[in-house]
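Enquirer: Before I ask anything, here is the structure I am working with.
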Amino acid sequence: MIDLAVYDRRKGGDTRPVAREPKVKYGRKMCTLVRDGYEALVYAEDVDPGHLVLHRVMGAVVDLGGVKGYQVETRREGRLDGCAITVPASFQRAVRFELGLQSRSKDCGLLRDFATAGAAKLPRDLVYPPEGQDSARVGACADWVATGKGETCDPAVEVEVPTGAETIIAAGAADPNVECAVFRGAVKMAFGQDFAPIATPGACYFVESKHRLQIEAGATANGGPPGEWLADPNKTFEDHKQLTFGESPGVTLSGNDDSEFLIYASPSGNLDARGHVRLLISTQRERGIDEWPRSRAIPATDVGKALAVMDFVMATHFRGPR
């Protein structure tokens, strides 16, 4: 999989000899391109199936000569520190190319050359085109930042939002598509068309392809009362506030590292009554970039959008007699 012709094109004036060293480590096959007997330049290895979901979620899709790959660029203190590209060969199998320690001062273009040449060696019936369906995750579920394989996720289908607070939260408890429907229009208006709804057991998520931000939404009779989040006896969150959304009382709170902002509103008008309408936004690691240190704080503009979404939802669907 490591093409020496690529090395010959990219080695510049370095005439030291190189060799490919195969081995098996932890039951996985690996080959290393070594220069001068000790400098590890490039790795190619069989990916552990248990890690493949993460590579898909974390990597940015790249075109390797008509073959789909997932690239992650590692940055430390603002500089490039490494690069890895995963080429899926089935739903469960993949080959991963990675720069060795001695190559980490170079850009990802070097590794792209090796990965493109390596992907060309794989049978065409094993690899996928850049837009190909290479996992069990269907549609927008491919952008759900979660480690599952997608068995519990479906792209949301459009349903009618029932009339009346009690009817809505009862329906939402039975069908996450109702929860998506409650928030669909408001999320699109505030956060934009890039966010697509997906239905999972007990929750709706709005996801986008760059994975910078993920939104969880819910309207359910099964949820705990918003007052429990305001009290927060275990002090899991900070910056607790009681606000009004539409005509309904609600609470807001933040994660301790400012990467989460949570809103819970009462559909019954009573913070201590079971059932809630919720909106949770969280920052995620941008797809294709592994950066340290990185700010996890949610931008103030996104907090403002979340507040506007909840205000609109409560005023639209939960106003009036309860």
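Here, A, B, ... name the chains of the structure tokens in the order displayed, residue numbers run from 1 inside each chain, and ligands are numbered from 1 in the same displayed order.
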Residues of region 7-253 of chain A classed as helix (DSSP H, G or I) by DSSP on the backbone are to be reported as a ChimeraX atom specification.
Expert: /A:7-10,49-58,101-103,108-120,139-143,165-174,176-191,226-231
Enquirer: Taking the DSSP assignment computed from this structure's backbone, write out as a count of residues only all residues of region 142-229 of chain A that belong to strand (DSSP E or B).
Expert: 20
Enquirer: Which one is closest to Ala203 (chain A): A:Leu280, A:Ala140, A:Ile263, A:Val34? Count only C-alpha atoms.
Expert: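 So, comparing all the options, the nearest one is A:Leu280.
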Enquirer: With only C-alpha atoms as the atoms that count, which of A:Leu64, A:Leu230, A:Leu52, A:Met30 lies nearest to Ala120 (chain A)?
Expert: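 Between A:Leu64, A:Leu230, A:Leu52, A:Met30, the residue approaching Ala120 (chain A) most closely is A:Leu64.
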Enquirer: Taking 4 positions as the minimum chain separation for residues in the same chain, which residues sit within 6 Å of Tyr128 (chain A) when counting only C-alpha atoms? Answer as a list in words.
Expert: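 Selected residues are Val67, Lys68 and Gly132 of chain A.
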Enquirer: Near Cys83 (chain A), within 12 Å and counting only C-alpha atoms, which residues show up once chain neighbours fewer than 3 positions away are dropped, as a PyMOL selection string?
Expert: chain A and resi 41-43+59-60+70-76+79-80+86+96-101+103-112+114-115+288-291
Enquirer: Please identify all polymer residues within 9 Å of region 244-246 of chain A, counting only C-alpha atoms, omitting same-chain residues fewer than 6 positions from it, and present them as an MDAnalysis selection string.
Expert: chainID A and resid 265 307:308 310:316 318:319
Enquirer: Show which residues sit within 10 Å of region 210-215 of chain A, as a VMD selection string. Count only C-alpha atoms, and ignore same-chain residues fewer than 3 positions away.
Expert: chain A and resid 57 to 60 143 to 145 187 191 194 to 197 204 to 207 259 to 262 279 to 288 298 302 306
Enquirer: If we count only C-alpha atoms and set the cut-off at 12 Å, which residues sit around Leu122 (chain A), ignoring sequence neighbours fewer than 2 positions away in its own chain? Please answer as a list in words.
Expert: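 Listed by chain and then number, they are Met1, Ile2, Leu64, Val67, Lys68, Val87, Pro88, Ala89, Ser90, Ala94, Val95, Ala115, Thr116, Ala117, Gly118, Ala119, Ala120, Arg124, Asp125, Leu126, Val127 and Tyr128 of chain A.
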Enquirer: Output C-alpha atoms for every residue in the selection just made, as a PDB file, in the first residue's frame.
Expert:
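Result saved to again_37.pdb:
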ATOM      1  CA  MET A   1       0.000   0.000   0.000  1.00  0.00           C
ATOM      2  CA  ILE A   2       2.987   2.340   0.458  1.00  0.00           C
ATOM      3  CA  LEU A  64      -8.305  10.408  -3.316  1.00  0.00           C
ATOM      4  CA  VAL A  67     -11.864   7.170  -3.809  1.00  0.00           C
ATOM      5  CA  LYS A  68     -13.381   8.302  -0.519  1.00  0.00           C
ATOM      6  CA  VAL A  87      -9.794   4.828   3.442  1.00  0.00           C
ATOM      7  CA  PRO A  88     -12.933   2.704   4.078  1.00  0.00           C
ATOM      8  CA  ALA A  89     -13.006  -0.657   2.319  1.00  0.00           C
ATOM      9  CA  SER A  90     -16.371  -1.811   3.746  1.00  0.00           C
ATOM     10  CA  ALA A  94     -10.492   0.379   6.391  1.00  0.00           C
ATOM     11  CA  VAL A  95      -6.853   1.204   5.741  1.00  0.00           C
ATOM     12  CA  ALA A 115      -3.017   7.633   0.364  1.00  0.00           C
ATOM     13  CA  THR A 116      -4.118   8.284  -3.227  1.00  0.00           C
ATOM     14  CA  ALA A 117      -1.532   5.856  -4.573  1.00  0.00           C
ATOM     15  CA  GLY A 118      -2.439   3.294  -1.912  1.00  0.00           C
ATOM     16  CA  ALA A 119      -6.176   3.612  -2.560  1.00  0.00           C
ATOM     17  CA  ALA A 120      -5.542   2.987  -6.259  1.00  0.00           C
ATOM     18  CA  ARG A 124     -12.611  -0.848  -7.053  1.00  0.00           C
ATOM     19  CA  ASP A 125     -15.393  -3.006  -5.664  1.00  0.00           C
ATOM     20  CA  LEU A 126     -13.977  -2.471  -2.142  1.00  0.00           C
ATOM     21  CA  VAL A 127     -13.623   1.312  -2.095  1.00  0.00           C
ATOM     22  CA  TYR A 128     -16.235   4.071  -2.281  1.00  0.00           C
TER      23      TYR A 128
END
